[in-house]
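Printed here is input.pdb (PDB, C-alpha atoms, pLDDT in the B column):
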MODEL        1
ATOM      1  CA  MET A 521      56.691  41.829 155.213  1.00 94.00           C
ATOM      2  CA  ILE A 522      57.569  44.963 153.259  1.00 98.00           C
ATOM      3  CA  LEU A 523      54.894  46.631 151.131  1.00 98.00           C
ATOM      4  CA  THR A 524      55.680  49.412 148.663  1.00 98.00           C
ATOM      5  CA  ASP A 525      53.250  52.149 147.667  1.00 98.00           C
ATOM      6  CA  THR A 526      54.613  53.164 144.276  1.00 98.00           C
ATOM      7  CA  HIS A 527      52.288  56.173 143.890  1.00 98.00           C
ATOM      8  CA  THR A 528      51.013  58.321 146.743  1.00 98.00           C
ATOM      9  CA  HIS A 529      50.430  62.068 147.032  1.00 98.00           C
ATOM     10  CA  LEU A 530      51.276  62.317 150.722  1.00 98.00           C
ATOM     11  CA  TYR A 531      52.052  66.031 150.429  1.00 97.00           C
ATOM     12  CA  SER A 532      48.462  66.694 149.351  1.00 97.00           C
ATOM     13  CA  VAL A 533      46.351  69.178 151.294  1.00 97.00           C
ATOM     14  CA  GLU A 534      44.031  66.295 152.198  1.00 97.00           C
ATOM     15  CA  PHE A 535      46.695  65.102 154.657  1.00 98.00           C
ATOM     16  CA  ASP A 536      47.478  68.466 156.246  1.00 97.00           C
ATOM     17  CA  ASN A 537      45.593  67.622 159.440  1.00 97.00           C
ATOM     18  CA  ASP A 538      46.947  64.105 160.039  1.00 98.00           C
ATOM     19  CA  ARG A 539      49.943  63.455 157.794  1.00 97.00           C
ATOM     20  CA  GLU A 540      52.131  61.977 160.537  1.00 97.00           C
ATOM     21  CA  GLU A 541      49.300  59.760 161.747  1.00 98.00           C
ATOM     22  CA  ALA A 542      48.607  58.575 158.183  1.00 98.00           C
ATOM     23  CA  MET A 543      52.290  57.769 157.733  1.00 98.00           C
ATOM     24  CA  GLN A 544      52.332  55.818 160.998  1.00 97.00           C
ATOM     25  CA  ARG A 545      49.203  53.860 160.030  1.00 98.00           C
ATOM     26  CA  ALA A 546      50.896  52.897 156.779  1.00 98.00           C
ATOM     27  CA  ILE A 547      54.113  51.850 158.496  1.00 97.00           C
ATOM     28  CA  ASP A 548      52.096  49.831 161.028  1.00 98.00           C
ATOM     29  CA  ALA A 549      50.392  48.099 158.064  1.00 98.00           C
ATOM     30  CA  GLY A 550      53.785  47.056 156.666  1.00 98.00           C
ATOM     31  CA  VAL A 551      54.142  49.857 154.115  1.00 98.00           C
ATOM     32  CA  SER A 552      57.642  51.268 154.515  1.00 97.00           C
ATOM     33  CA  ARG A 553      58.410  52.568 151.010  1.00 98.00           C
ATOM     34  CA  PHE A 554      56.518  55.543 149.558  1.00 98.00           C
ATOM     35  CA  PHE A 555      57.133  56.875 146.045  1.00 98.00           C
ATOM     36  CA  ILE A 556      55.861  60.408 145.583  1.00 98.00           C
ATOM     37  CA  PRO A 557      54.842  61.778 142.161  1.00 98.00           C
ATOM     38  CA  SER A 558      55.140  65.438 141.252  1.00 98.00           C
ATOM     39  CA  ILE A 559      52.185  67.438 139.911  1.00 98.00           C
ATOM     40  CA  ASP A 560      53.710  70.792 138.990  1.00 98.00           C
ATOM     41  CA  SER A 561      56.101  73.359 140.474  1.00 98.00           C
ATOM     42  CA  SER A 562      53.647  74.188 143.273  1.00 97.00           C
ATOM     43  CA  SER A 563      54.163  70.702 144.753  1.00 96.00           C
ATOM     44  CA  THR A 564      57.966  70.786 144.790  1.00 98.00           C
ATOM     45  CA  LYS A 565      58.606  72.336 148.198  1.00 97.00           C
ATOM     46  CA  LYS A 566      55.969  70.126 149.854  1.00 97.00           C
ATOM     47  CA  MET A 567      57.646  67.054 148.381  1.00 98.00           C
ATOM     48  CA  TYR A 568      61.078  68.140 149.577  1.00 98.00           C
ATOM     49  CA  ASP A 569      59.730  68.795 153.064  1.00 97.00           C
ATOM     50  CA  LEU A 570      58.205  65.314 153.174  1.00 97.00           C
ATOM     51  CA  GLU A 571      61.445  63.714 152.007  1.00 98.00           C
ATOM     52  CA  LYS A 572      63.371  65.609 154.685  1.00 98.00           C
ATOM     53  CA  GLN A 573      60.967  64.407 157.366  1.00 97.00           C
ATOM     54  CA  TYR A 574      61.056  60.746 156.245  1.00 97.00           C
ATOM     55  CA  PRO A 575      64.426  60.268 154.499  1.00 98.00           C
ATOM     56  CA  SER A 576      64.398  56.464 154.867  1.00 97.00           C
ATOM     57  CA  ASN A 577      60.870  55.978 153.573  1.00 98.00           C
ATOM     58  CA  VAL A 578      60.027  58.686 151.036  1.00 98.00           C
ATOM     59  CA  PHE A 579      61.397  58.676 147.486  1.00 98.00           C
ATOM     60  CA  LEU A 580      60.565  61.436 145.035  1.00 98.00           C
ATOM     61  CA  MET A 581      59.692  61.701 141.356  1.00 98.00           C
ATOM     62  CA  MET A 582      59.836  64.881 139.291  1.00 98.00           C
ATOM     63  CA  GLY A 583      57.473  65.704 136.451  1.00 98.00           C
ATOM     64  CA  LEU A 584      54.560  67.711 135.087  1.00 98.00           C
ATOM     65  CA  HIS A 585      51.139  66.052 135.414  1.00 98.00           C
ATOM     66  CA  PRO A 586      49.149  66.219 132.146  1.00 98.00           C
ATOM     67  CA  THR A 587      46.134  67.992 133.662  1.00 97.00           C
ATOM     68  CA  TYR A 588      48.517  70.780 134.734  1.00 97.00           C
ATOM     69  CA  VAL A 589      49.725  71.316 131.162  1.00 98.00           C
ATOM     70  CA  LYS A 590      48.380  74.809 130.446  1.00 97.00           C
ATOM     71  CA  GLU A 591      49.527  77.984 128.663  1.00 97.00           C
ATOM     72  CA  ASN A 592      52.660  78.124 130.832  1.00 97.00           C
ATOM     73  CA  TYR A 593      53.652  74.478 130.310  1.00 98.00           C
ATOM     74  CA  LEU A 594      57.059  75.334 128.820  1.00 98.00           C
ATOM     75  CA  GLU A 595      57.949  77.156 132.043  1.00 98.00           C
ATOM     76  CA  GLU A 596      56.813  74.124 134.016  1.00 98.00           C
ATOM     77  CA  LEU A 597      58.912  71.805 131.837  1.00 98.00           C
ATOM     78  CA  ALA A 598      61.904  74.072 132.441  1.00 98.00           C
ATOM     79  CA  HIS A 599      61.280  73.683 136.185  1.00 98.00           C
ATOM     80  CA  VAL A 600      61.220  69.879 135.825  1.00 98.00           C
ATOM     81  CA  GLU A 601      64.456  69.907 133.844  1.00 98.00           C
ATOM     82  CA  ASN A 602      66.143  72.221 136.332  1.00 98.00           C
ATOM     83  CA  GLU A 603      65.164  70.110 139.349  1.00 98.00           C
ATOM     84  CA  LEU A 604      66.308  66.890 137.673  1.00 98.00           C
ATOM     85  CA  ALA A 605      69.719  68.473 137.189  1.00 98.00           C
ATOM     86  CA  LEU A 606      69.955  69.548 140.841  1.00 97.00           C
ATOM     87  CA  LYS A 607      69.129  66.474 142.919  1.00 97.00           C
ATOM     88  CA  LYS A 608      68.411  62.758 142.964  1.00 97.00           C
ATOM     89  CA  PHE A 609      65.007  61.517 141.841  1.00 98.00           C
ATOM     90  CA  TYR A 610      63.785  57.978 141.306  1.00 98.00           C
ATOM     91  CA  ALA A 611      61.495  58.533 138.297  1.00 98.00           C
ATOM     92  CA  VAL A 612      60.087  61.165 135.988  1.00 98.00           C
ATOM     93  CA  GLY A 613      56.432  61.404 136.862  1.00 97.00           C
ATOM     94  CA  GLU A 614      53.688  61.585 136.868  1.00 98.00           C
ATOM     95  CA  ILE A 615      53.554  62.293 133.165  1.00 98.00           C
ATOM     96  CA  GLY A 616      51.238  61.315 130.342  1.00 98.00           C
ATOM     97  CA  ILE A 617      47.986  62.350 128.698  1.00 98.00           C
ATOM     98  CA  ASP A 618      44.557  63.017 130.238  1.00 98.00           C
ATOM     99  CA  LEU A 619      41.582  63.741 127.987  1.00 97.00           C
ATOM    100  CA  TYR A 620      38.896  63.155 130.611  1.00 96.00           C
ATOM    101  CA  TRP A 621      38.530  66.723 131.812  1.00 89.00           C
ATOM    102  CA  ASP A 622      39.680  68.777 128.862  1.00 91.00           C
ATOM    103  CA  LYS A 623      41.042  68.205 125.359  1.00 94.00           C
ATOM    104  CA  THR A 624      42.108  71.842 124.844  1.00 96.00           C
ATOM    105  CA  PHE A 625      45.818  71.203 125.415  1.00 97.00           C
ATOM    106  CA  LEU A 626      46.168  67.806 123.735  1.00 97.00           C
ATOM    107  CA  LYS A 627      49.088  68.863 121.516  1.00 97.00           C
ATOM    108  CA  GLU A 628      50.846  70.448 124.480  1.00 98.00           C
ATOM    109  CA  GLN A 629      50.227  67.318 126.576  1.00 98.00           C
ATOM    110  CA  GLN A 630      51.709  65.164 123.823  1.00 98.00           C
ATOM    111  CA  HIS A 631      54.761  67.401 123.592  1.00 98.00           C
ATOM    112  CA  ALA A 632      55.215  67.508 127.391  1.00 98.00           C
ATOM    113  CA  PHE A 633      54.912  63.716 127.619  1.00 98.00           C
ATOM    114  CA  GLN A 634      57.467  63.078 124.886  1.00 98.00           C
ATOM    115  CA  TYR A 635      59.856  65.716 126.228  1.00 98.00           C
ATOM    116  CA  GLN A 636      59.755  64.247 129.734  1.00 98.00           C
ATOM    117  CA  ILE A 637      60.323  60.727 128.408  1.00 98.00           C
ATOM    118  CA  GLN A 638      63.465  62.076 126.773  1.00 98.00           C
ATOM    119  CA  LEU A 639      64.517  63.625 130.095  1.00 98.00           C
ATOM    120  CA  ALA A 640      64.022  60.228 131.759  1.00 98.00           C
ATOM    121  CA  LYS A 641      66.279  58.617 129.173  1.00 98.00           C
ATOM    122  CA  LYS A 642      68.891  61.335 129.708  1.00 98.00           C
ATOM    123  CA  TYR A 643      68.961  60.706 133.462  1.00 98.00           C
ATOM    124  CA  LYS A 644      68.454  56.931 133.131  1.00 98.00           C
ATOM    125  CA  LEU A 645      65.243  57.093 135.142  1.00 98.00           C
ATOM    126  CA  ALA A 646      61.921  55.289 135.000  1.00 98.00           C
ATOM    127  CA  ILE A 647      58.771  57.074 133.919  1.00 98.00           C
ATOM    128  CA  ASN A 648      55.475  57.032 135.782  1.00 98.00           C
ATOM    129  CA  ILE A 649      52.553  57.302 133.363  1.00 98.00           C
ATOM    130  CA  HIS A 650      49.178  58.932 133.951  1.00 98.00           C
ATOM    131  CA  CYS A 651      46.609  57.907 131.326  1.00 98.00           C
ATOM    132  CA  ARG A 652      42.929  58.774 131.387  1.00 97.00           C
ATOM    133  CA  ASP A 653      40.681  58.404 128.351  1.00 96.00           C
ATOM    134  CA  ALA A 654      43.869  58.472 126.273  1.00 97.00           C
ATOM    135  CA  PHE A 655      45.247  54.965 125.751  1.00 97.00           C
ATOM    136  CA  GLY A 656      45.649  55.496 121.994  1.00 97.00           C
ATOM    137  CA  GLU A 657      47.432  58.819 122.427  1.00 98.00           C
ATOM    138  CA  VAL A 658      49.696  57.500 125.208  1.00 98.00           C
ATOM    139  CA  PHE A 659      50.686  54.397 123.265  1.00 98.00           C
ATOM    140  CA  GLU A 660      51.417  56.508 120.193  1.00 98.00           C
ATOM    141  CA  VAL A 661      53.985  58.559 122.120  1.00 98.00           C
ATOM    142  CA  LEU A 662      55.419  55.521 123.936  1.00 98.00           C
ATOM    143  CA  GLU A 663      55.879  53.535 120.753  1.00 97.00           C
ATOM    144  CA  GLY A 664      57.552  56.524 119.117  1.00 97.00           C
ATOM    145  CA  GLU A 665      60.051  56.571 121.994  1.00 97.00           C
ATOM    146  CA  LYS A 666      60.362  52.790 122.367  1.00 96.00           C
ATOM    147  CA  ALA A 667      63.896  51.792 123.362  1.00 96.00           C
ATOM    148  CA  ASP A 668      65.769  49.556 125.782  1.00 95.00           C
ATOM    149  CA  ASP A 669      66.242  52.565 128.073  1.00 96.00           C
ATOM    150  CA  LEU A 670      62.508  53.354 128.208  1.00 98.00           C
ATOM    151  CA  PHE A 671      60.910  51.679 131.229  1.00 98.00           C
ATOM    152  CA  GLY A 672      58.594  52.505 134.078  1.00 98.00           C
ATOM    153  CA  ILE A 673      55.122  52.103 135.526  1.00 98.00           C
ATOM    154  CA  PHE A 674      51.723  52.483 133.898  1.00 98.00           C
ATOM    155  CA  HIS A 675      50.172  54.131 136.963  1.00 98.00           C
ATOM    156  CA  CYS A 676      46.601  53.264 137.943  1.00 97.00           C
ATOM    157  CA  PHE A 677      46.261  50.818 135.079  1.00 97.00           C
ATOM    158  CA  THR A 678      42.605  50.523 134.012  1.00 95.00           C
ATOM    159  CA  GLY A 679      42.961  49.079 130.524  1.00 95.00           C
ATOM    160  CA  ASP A 680      41.965  45.707 129.111  1.00 96.00           C
ATOM    161  CA  PHE A 681      44.087  42.571 128.727  1.00 97.00           C
ATOM    162  CA  ASN A 682      45.449  43.529 125.300  1.00 97.00           C
ATOM    163  CA  GLN A 683      46.384  47.015 126.520  1.00 97.00           C
ATOM    164  CA  ALA A 684      48.096  45.421 129.515  1.00 98.00           C
ATOM    165  CA  LYS A 685      50.186  43.222 127.221  1.00 97.00           C
ATOM    166  CA  ARG A 686      50.984  46.225 125.054  1.00 97.00           C
ATOM    167  CA  ALA A 687      52.201  48.189 128.081  1.00 98.00           C
ATOM    168  CA  ILE A 688      54.321  45.259 129.273  1.00 98.00           C
ATOM    169  CA  ASP A 689      55.871  44.932 125.809  1.00 97.00           C
ATOM    170  CA  LEU A 690      56.982  48.561 126.224  1.00 97.00           C
ATOM    171  CA  ASN A 691      58.883  47.705 129.462  1.00 97.00           C
ATOM    172  CA  MET A 692      56.131  49.002 131.742  1.00 98.00           C
ATOM    173  CA  LYS A 693      54.992  47.493 135.020  1.00 98.00           C
ATOM    174  CA  LEU A 694      51.291  47.821 135.772  1.00 98.00           C
ATOM    175  CA  GLY A 695      50.460  49.978 138.814  1.00 98.00           C
ATOM    176  CA  ILE A 696      47.557  48.240 140.552  1.00 98.00           C
ATOM    177  CA  GLY A 697      45.543  50.036 143.218  1.00 98.00           C
ATOM    178  CA  GLY A 698      42.020  50.419 144.515  1.00 97.00           C
ATOM    179  CA  VAL A 699      40.373  49.880 141.115  1.00 96.00           C
ATOM    180  CA  ALA A 700      41.226  46.166 141.416  1.00 96.00           C
ATOM    181  CA  THR A 701      38.805  45.968 144.353  1.00 96.00           C
ATOM    182  CA  PHE A 702      35.887  47.696 142.579  1.00 95.00           C
ATOM    183  CA  LYS A 703      32.982  45.535 141.359  1.00 88.00           C
ATOM    184  CA  ASN A 704      33.056  47.414 138.036  1.00 88.00           C
ATOM    185  CA  GLY A 705      36.849  47.742 137.912  1.00 85.00           C
ATOM    186  CA  LYS A 706      37.164  44.849 135.401  1.00 89.00           C
ATOM    187  CA  ILE A 707      40.942  44.460 135.716  1.00 93.00           C
ATOM    188  CA  ASP A 708      40.461  41.795 138.415  1.00 92.00           C
ATOM    189  CA  GLN A 709      38.903  39.605 135.691  1.00 92.00           C
ATOM    190  CA  PHE A 710      42.187  39.125 133.823  1.00 96.00           C
ATOM    191  CA  LEU A 711      44.982  40.063 136.229  1.00 96.00           C
ATOM    192  CA  ASN A 712      45.741  36.432 137.052  1.00 95.00           C
ATOM    193  CA  GLU A 713      46.681  36.012 133.378  1.00 97.00           C
ATOM    194  CA  ILE A 714      49.428  38.629 133.872  1.00 97.00           C
ATOM    195  CA  ASP A 715      52.592  37.331 135.518  1.00 98.00           C
ATOM    196  CA  LEU A 716      53.083  38.910 138.939  1.00 98.00           C
ATOM    197  CA  GLN A 717      56.559  40.039 137.859  1.00 98.00           C
ATOM    198  CA  HIS A 718      54.810  42.791 135.860  1.00 98.00           C
ATOM    199  CA  ILE A 719      52.811  44.182 138.814  1.00 98.00           C
ATOM    200  CA  VAL A 720      53.505  46.876 141.414  1.00 98.00           C
ATOM    201  CA  LEU A 721      51.199  48.121 144.165  1.00 98.00           C
ATOM    202  CA  GLU A 722      49.991  51.689 144.591  1.00 98.00           C
ATOM    203  CA  THR A 723      47.240  53.719 146.222  1.00 98.00           C
ATOM    204  CA  ASP A 724      47.182  57.083 144.390  1.00 98.00           C
ATOM    205  CA  ALA A 725      46.242  58.472 147.807  1.00 98.00           C
ATOM    206  CA  PRO A 726      44.175  60.539 148.519  1.00 98.00           C
ATOM    207  CA  TYR A 727      42.252  59.284 145.460  1.00 97.00           C
ATOM    208  CA  LEU A 728      40.656  55.940 144.515  1.00 96.00           C
ATOM    209  CA  ALA A 729      40.361  54.315 147.930  1.00 98.00           C
ATOM    210  CA  PRO A 730      39.853  50.547 147.724  1.00 97.00           C
ATOM    211  CA  VAL A 731      36.808  48.658 148.960  1.00 96.00           C
ATOM    212  CA  PRO A 732      35.604  48.806 151.758  1.00 96.00           C
ATOM    213  CA  ASN A 733      36.675  52.468 151.883  1.00 97.00           C
ATOM    214  CA  ARG A 734      35.615  53.431 148.368  1.00 96.00           C
ATOM    215  CA  GLY A 735      34.465  57.044 148.214  1.00 95.00           C
ATOM    216  CA  LYS A 736      36.505  58.047 151.257  1.00 97.00           C
ATOM    217  CA  ARG A 737      39.981  59.564 151.373  1.00 98.00           C
ATOM    218  CA  ASN A 738      42.575  57.027 150.310  1.00 98.00           C
ATOM    219  CA  GLU A 739      45.810  56.620 152.251  1.00 98.00           C
ATOM    220  CA  SER A 740      48.965  54.558 151.941  1.00 98.00           C
ATOM    221  CA  SER A 741      47.995  52.101 154.671  1.00 98.00           C
ATOM    222  CA  TYR A 742      45.398  50.802 152.204  1.00 98.00           C
ATOM    223  CA  THR A 743      48.209  49.347 150.105  1.00 98.00           C
ATOM    224  CA  LEU A 744      47.628  46.342 152.348  1.00 98.00           C
ATOM    225  CA  LEU A 745      44.014  46.055 151.107  1.00 98.00           C
ATOM    226  CA  VAL A 746      45.239  46.054 147.506  1.00 98.00           C
ATOM    227  CA  ALA A 747      47.820  43.376 148.344  1.00 98.00           C
ATOM    228  CA  GLN A 748      45.120  41.275 150.011  1.00 98.00           C
ATOM    229  CA  LYS A 749      42.965  41.533 146.863  1.00 97.00           C
ATOM    230  CA  LEU A 750      45.904  40.408 144.717  1.00 98.00           C
ATOM    231  CA  SER A 751      46.476  37.528 147.122  1.00 98.00           C
ATOM    232  CA  GLU A 752      42.929  36.398 146.302  1.00 97.00           C
ATOM    233  CA  ILE A 753      43.313  36.969 142.554  1.00 97.00           C
ATOM    234  CA  TYR A 754      46.647  35.158 142.263  1.00 97.00           C
ATOM    235  CA  GLN A 755      45.911  32.551 144.933  1.00 97.00           C
ATOM    236  CA  LEU A 756      49.231  33.327 146.584  1.00 98.00           C
ATOM    237  CA  PRO A 757      50.131  34.129 150.203  1.00 98.00           C
ATOM    238  CA  LEU A 758      50.061  37.817 151.112  1.00 98.00           C
ATOM    239  CA  SER A 759      53.766  37.614 151.990  1.00 98.00           C
ATOM    240  CA  GLU A 760      54.543  36.485 148.429  1.00 98.00           C
ATOM    241  CA  ILE A 761      52.530  39.340 146.904  1.00 98.00           C
ATOM    242  CA  ALA A 762      54.429  41.796 149.115  1.00 98.00           C
ATOM    243  CA  LYS A 763      57.816  40.271 148.315  1.00 98.00           C
ATOM    244  CA  VAL A 764      57.410  40.108 144.525  1.00 98.00           C
ATOM    245  CA  THR A 765      55.775  43.516 144.081  1.00 98.00           C
ATOM    246  CA  THR A 766      58.390  45.204 146.276  1.00 98.00           C
ATOM    247  CA  GLU A 767      61.184  43.519 144.286  1.00 98.00           C
ATOM    248  CA  ASN A 768      59.483  44.754 141.113  1.00 98.00           C
ATOM    249  CA  SER A 769      59.448  48.293 142.495  1.00 98.00           C
ATOM    250  CA  LYS A 770      63.166  48.039 143.263  1.00 98.00           C
ATOM    251  CA  ALA A 771      63.831  47.007 139.669  1.00 98.00           C
ATOM    252  CA  ILE A 772      62.004  50.094 138.424  1.00 98.00           C
ATOM    253  CA  PHE A 773      63.202  52.729 140.885  1.00 98.00           C
ATOM    254  CA  GLY A 774      66.675  51.364 141.575  1.00 98.00           C
ATOM    255  CA  ILE A 775      66.154  51.406 145.335  1.00 97.00           C
TER     256      ILE A 775
ENDMDL
END

Take the structure in the file and give it back as structure tokens.
Amino acid sequence: MILTDTHTHLYSVEFDNDREEAMQRAIDAGVSRFFIPSIDSSSTKKMYDLEKQYPSNVFLMMGLHPTYVKENYLEELAHVENELALKKFYAVGEIGIDLYWDKTFLKEQQHAFQYQIQLAKKYKLAINIHCRDAFGEVFEVLEGEKADDLFGIFHCFTGDFNQAKRAIDLNMKLGIGGVATFKNGKIDQFLNEIDLQHIVLETDAPYLAPVPNRGKRNESSYTLLVAQKLSEIYQLPLSEIAKVTTENSKAIFGI
């Protein structure tokens, strides 16, 4: 059984004391594929170091996270563009719009999101979308860029059924993680109406740990807990959840 964590920040400072142990726990749980999103230029070296240490398991994205879009965002976008030209990545991400913490840089976030979508098209890569309190704004940009060569993952999907269908119509898979196990997460109420071919697994480690570890540090081994929850929701064997969601991840990332 091969599980794929399509979104995990394994380079994060939260893993500095036990990164190798956390990786081994994940591998022991059947998770052998880890897709690593970029935050900003400060995360680049850490990502490269992780890839070098685990070349058969770790696959990198490059992008500017919306909450890191500040006064210097054009410099950060230049860094993203430069790195994409230099080496192989498997997606542009994580990118998008986040209005939860601060709305000050909304216009800059919109510009950065659109610009990075265009970079993804240029390099024929998937996008990995971060959306928080911004479904309308994210869909506005996505629909403006809608094309056959626009595809990717709606990371940490927390929308309703209609928003899920809208994302799927835009060639997006839904990234399902710990929220599916929360009593107030709501997405578990309609997920079985979404064909499994549109679903990928993720943790967003170290954030959003699934039940029964909610509130603690998340880690990639908990991908198994998410898969077990989907096995309940879809009434399918765990092995089938693992197989289909990993195949879906291969379709997105090309590996």

Practice item. Would you kindly translate the PyMOL selection byres ((chain A and resi 553-564) around 6) into the concrete residues it picks from this file, as an NGL selection string? Key: :A and (524-529 or 551-552 or 565-567 or 577-585 or 613-614)

Using only the atoms of region 727-735 of chain A listed in the file, plus 5 Å on each side, state the axis-aligned box centre and edge lengths in Å rounded to one decimal, as AutoDock Vina command-line options.
--center_x 38.4 --center_y 54.0 --center_z 148.2 --size_x 17.8 --size_y 20.6 --size_z 17.4

**Study point:** Nearest-residue call for Val612 (chain A), choices A:Pro726, A:Gly672, A:Gly774, A:Pro586, using all atoms listed in the file
**Key:**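 Selected residue with least distance to Val612 (chain A): A:Gly672.
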
Practice item. For CA of Gln755 (chain A) and CA of Ala542 (chain A), quote the distance in Å rounded to one decimal. Key: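 That distance, rounded to one decimal, is 29.3 Å.
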
Review point. Near region 654-661 of chain A, counting only C-alpha atoms, which residues have an atom at most 7 Å away, once you skip same-chain residues fewer than 5 positions from it, shown as a count of residues only?
Key: 5

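Counting only C-alpha atoms, the residue from A:Asp536, A:Glu628, A:Asp724, A:Asp668 that sits nearest to Ser741 (chain A) is A:Asp724.
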
**Study point:** Among the residues A:Asn592, A:Asn691, A:Thr765, A:Thr701, the one that comes closest to Tyr742 (chain A) [using all atoms listed in the file]
**Key:**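 Closest to Tyr742 (chain A), using all atoms listed in the file: A:Thr701.
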
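Proximity ranking of A:Leu530, A:Ile649, A:Ile761, A:Met543 relative to Ala611 (chain A) places A:Ile649 first, based on all atoms listed in the file.
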
Review point. For this file, the PyMOL selection byres ((chain A and resi 680) around 12) selects which residues, as a count of residues only?
Key: 21

Point to revise | Nearest residue to Tyr574 (chain A) from the set A:Glu760, A:Glu603, A:Glu540, A:Glu595 (distances using only C-alpha atoms) | key: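 Counting only C-alpha atoms, the residue closest to Tyr574 (chain A) is A:Glu540.
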
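For Met521 (chain A), the residues within 9 Å (counting only C-alpha atoms, excluding itself and residues fewer than 2 positions away along the chain) are Leu523, Gly550, Val551, Leu758, Ser759, Glu760, Ala762 and Lys763 of chain A.
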
Check your understanding: CA of Thr587 (chain A) and CA of His650 (chain A), how far apart in Å?
Key ->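 Going from CA of His650 (chain A) over to CA of Thr587 (chain A) covers 9.6 Å.
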
Check your understanding: By how many Å are CA of Glu767 (chain A) and CA of Leu721 (chain A) apart?
Key ->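 Here the two named atoms are 11.0 Å from each other.
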
Exercise for review: Evaluate the PyMOL selection byres ((chain A and resi 676) around 7) and record the selected residues as a list in words, following the chain and residue labels used in the document.
Suggested key: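 Here the PyMOL selection byres ((chain A and resi 676) around 7) matches Phe674, His675, Phe677, Thr678, Gly695, Ile696 and Gly697 of chain A.
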
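The nearest approach to Asp622 (chain A) among the residues A:Ala598, A:Val589, A:Leu604, A:Ala700, with only C-alpha atoms taken into account, belongs to A:Val589.
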
Reconstructed region 541-546 of chain A, atom set all heavy atoms, as a PDB file, keeping the file's coordinate frame:
ATOM      1  N   GLU A 541      50.115  60.911 161.341  1.00 98.00           N
ATOM      2  CA  GLU A 541      49.300  59.760 161.747  1.00 98.00           C
ATOM      3  C   GLU A 541      49.064  58.826 160.564  1.00 98.00           C
ATOM      4  O   GLU A 541      49.117  57.589 160.715  1.00 98.00           O
ATOM      5  CB  GLU A 541      47.960  60.230 162.318  1.00 98.00           C
ATOM      6  CG  GLU A 541      48.056  60.976 163.626  1.00 98.00           C
ATOM      7  CD  GLU A 541      48.305  62.477 163.485  1.00 98.00           C
ATOM      8  OE1 GLU A 541      48.643  62.923 162.361  1.00 98.00           O
ATOM      9  OE2 GLU A 541      48.162  63.188 164.485  1.00 98.00           O
ATOM     10  N   ALA A 542      48.816  59.397 159.382  1.00 98.00           N
ATOM     11  CA  ALA A 542      48.607  58.575 158.183  1.00 98.00           C
ATOM     12  C   ALA A 542      49.872  57.800 157.834  1.00 98.00           C
ATOM     13  O   ALA A 542      49.804  56.621 157.450  1.00 98.00           O
ATOM     14  CB  ALA A 542      48.170  59.450 157.009  1.00 98.00           C
ATOM     15  N   MET A 543      51.022  58.451 157.963  1.00 98.00           N
ATOM     16  CA  MET A 543      52.290  57.769 157.733  1.00 98.00           C
ATOM     17  C   MET A 543      52.468  56.615 158.720  1.00 98.00           C
ATOM     18  O   MET A 543      52.875  55.509 158.334  1.00 98.00           O
ATOM     19  CB  MET A 543      53.452  58.747 157.858  1.00 98.00           C
ATOM     20  CG  MET A 543      53.636  59.664 156.681  1.00 98.00           C
ATOM     21  SD  MET A 543      54.243  58.831 155.185  1.00 98.00           S
ATOM     22  CE  MET A 543      55.929  58.451 155.635  1.00 98.00           C
ATOM     23  N   GLN A 544      52.162  56.854 159.987  1.00 97.00           N
ATOM     24  CA  GLN A 544      52.332  55.818 160.998  1.00 97.00           C
ATOM     25  C   GLN A 544      51.389  54.647 160.760  1.00 97.00           C
ATOM     26  O   GLN A 544      51.772  53.475 160.924  1.00 97.00           O
ATOM     27  CB  GLN A 544      52.131  56.392 162.402  1.00 97.00           C
ATOM     28  CG  GLN A 544      52.585  55.440 163.508  1.00 97.00           C
ATOM     29  CD  GLN A 544      54.048  55.051 163.368  1.00 97.00           C
ATOM     30  OE1 GLN A 544      54.923  55.904 163.263  1.00 97.00           O
ATOM     31  NE2 GLN A 544      54.318  53.741 163.343  1.00 97.00           N
ATOM     32  N   ARG A 545      50.139  54.945 160.339  1.00 98.00           N
ATOM     33  CA  ARG A 545      49.203  53.860 160.030  1.00 98.00           C
ATOM     34  C   ARG A 545      49.738  52.998 158.897  1.00 98.00           C
ATOM     35  O   ARG A 545      49.613  51.769 158.926  1.00 98.00           O
ATOM     36  CB  ARG A 545      47.825  54.427 159.649  1.00 98.00           C
ATOM     37  CG  ARG A 545      47.003  54.910 160.829  1.00 98.00           C
ATOM     38  CD  ARG A 545      45.558  55.184 160.449  1.00 98.00           C
ATOM     39  NE  ARG A 545      45.408  56.307 159.533  1.00 98.00           N
ATOM     40  CZ  ARG A 545      45.257  57.578 159.912  1.00 98.00           C
ATOM     41  NH1 ARG A 545      45.283  57.886 161.210  1.00 98.00           N
ATOM     42  NH2 ARG A 545      45.087  58.536 159.026  1.00 98.00           N
ATOM     43  N   ALA A 546      50.333  53.642 157.902  1.00 98.00           N
ATOM     44  CA  ALA A 546      50.896  52.897 156.779  1.00 98.00           C
ATOM     45  C   ALA A 546      52.060  52.022 157.240  1.00 98.00           C
ATOM     46  O   ALA A 546      52.142  50.836 156.897  1.00 98.00           O
ATOM     47  CB  ALA A 546      51.339  53.853 155.681  1.00 98.00           C
TER      48      ALA A 546
END
